[in-house]
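*Asks:* Pasting a structure here, questions to come.
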Amino acid sequence: MSPLYLFSQIAAPFIVGLLQIGLAIAIWRKKGRQDASNILFALTVLSISFWCFAVALFNYAPLFGYIEIFSTLSYIAASFIPYFFLLFTFNFPSEKLRISRKELLLLTIPFVITLLLSFFPYKIVREVRQFSPENSIVIPGSGQVTYSLFLIGYFLYAFFNLFRKYHTTKGVLKTQVVHIALATLVPTFIGITTDFFFVIFIAVQYNWIGPVSTIFLFLLILYSMRKWRLFNLLIIQHGNRFLALVPSKEAKSLGFCVGYKRDLLGYALR
């Protein structure tokens, strides 16, 4: 294997995966177990990191075998991303879990079915044809259509939720929604293109681009956390309306003041 292959297709996804773990921990630690939205997005980012590792292992597999196993593992890891992301878009910005048991069940059933299909041999990946250590193609199995519908459908539903939140929010929350949408939309489009369509119809040699593109999510979310207090606002919920409490020194940059509590100013979010 060439040094370029080792870096771009093995080292780079692995490094990005480590960065995503750090981001997931940072989001989780903002409010600990008290914020359901933070936990769901942290799980989304953690799923991205596992996907990065799985792709890196798949690209390294030609050196020691088990390439079909790591190919299946990459599909399994990727299936967690749209599931947790969709749950997050339903819940954000509430600190409490807003999804009912019925909704959670309806969203979980397709995910579990897809996950089970991934574990069955030859259902998602029928065969990996390897022409050289650096070039191979994935032959899809009979469950590929189901997997495709789940993956694309859940992502579309999630972005539809963000689109609705953008039109029903204002101030700092609207800015946060925009950042979340951009941070996830770009790598989602790149990932589905290079790690799904390219892998099936062209060649697997481009599968490293998707995981590496999630560095955009890492940077934009990190920026929003520092600049716009993403995942670090004190949210007060009243019915379907939210109030954010922020330090008074940040008042001018965050929105319209509607209340006061100690050194915190309240801002209507929607």
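Ordered as shown in the structure tokens, chains take letters A, B, and onward, while each chain numbers its residues from 1 and ligands are numbered from 1 in the order shown.
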So which residues touch Ala183 (chain A) within 12 Å, counting only C-alpha atoms, skipping near sequence neighbours fewer than 5 positions away, as a ChimeraX atom specification?
*Replies:* /A:45,159,162,176-178,188-190,213-224
*Asks:* Would you mind listing, for every residue of region 45-89 of chain A within 12 Å of region 206-210 of chain A, the two atoms forming the shortest contact and the distance between them in Å to one decimal, using only C-alpha atoms, sorted by chain and ascending residue number, as a Markdown table?
*Replies:*
```
| residue | atom | partner | partner_atom | distance |
| --- | --- | --- | --- | --- |
| A:Ile48 | CA | A:Gly210 | CA | 10.1 |
| A:Ser49 | CA | A:Gly210 | CA | 11.7 |
| A:Trp51 | CA | A:Gly210 | CA | 9.6 |
| A:Cys52 | CA | A:Trp208 | CA | 8.2 |
| A:Phe53 | CA | A:Trp208 | CA | 10.4 |
| A:Ala54 | CA | A:Trp208 | CA | 10.4 |
| A:Val55 | CA | A:Trp208 | CA | 6.8 |
| A:Ala56 | CA | A:Trp208 | CA | 7.5 |
| A:Leu57 | CA | A:Trp208 | CA | 10.8 |
| A:Phe58 | CA | A:Asn207 | CA | 9.6 |
| A:Asn59 | CA | A:Trp208 | CA | 8.4 |
| A:Tyr60 | CA | A:Trp208 | CA | 11.5 |
| A:Ser71 | CA | A:Asn207 | CA | 10.7 |
| A:Ser74 | CA | A:Asn207 | CA | 10.3 |
| A:Tyr75 | CA | A:Asn207 | CA | 11.8 |
| A:Ala78 | CA | A:Gly210 | CA | 10.8 |
```
*Asks:* Do a neighbour search on region 96-104 of chain A at 8 Å with only C-alpha atoms, toss out local chain neighbours closer than 3 positions, and write the hits as an NGL selection string.
*Replies:* :A and (34-37 or 87 or 90-91 or 107-108)
*Asks:* Could you list, as a VMD selection string, every residue within 8 Å of Phe150 (chain A), counting only C-alpha atoms and ignoring same-chain residues fewer than 2 positions away?
*Replies:* chain A and resid 110 to 111 114 146 to 148 152 to 154
*Asks:* I'd like the contact shell of Trp228 (chain A) - 9 Å cut-off, only C-alpha atoms, skipping same-chain residues fewer than 2 positions apart - returned as a PyMOL selection string.
*Replies:* chain A and resi 172-173+175-176+223-226+230+232+253-254
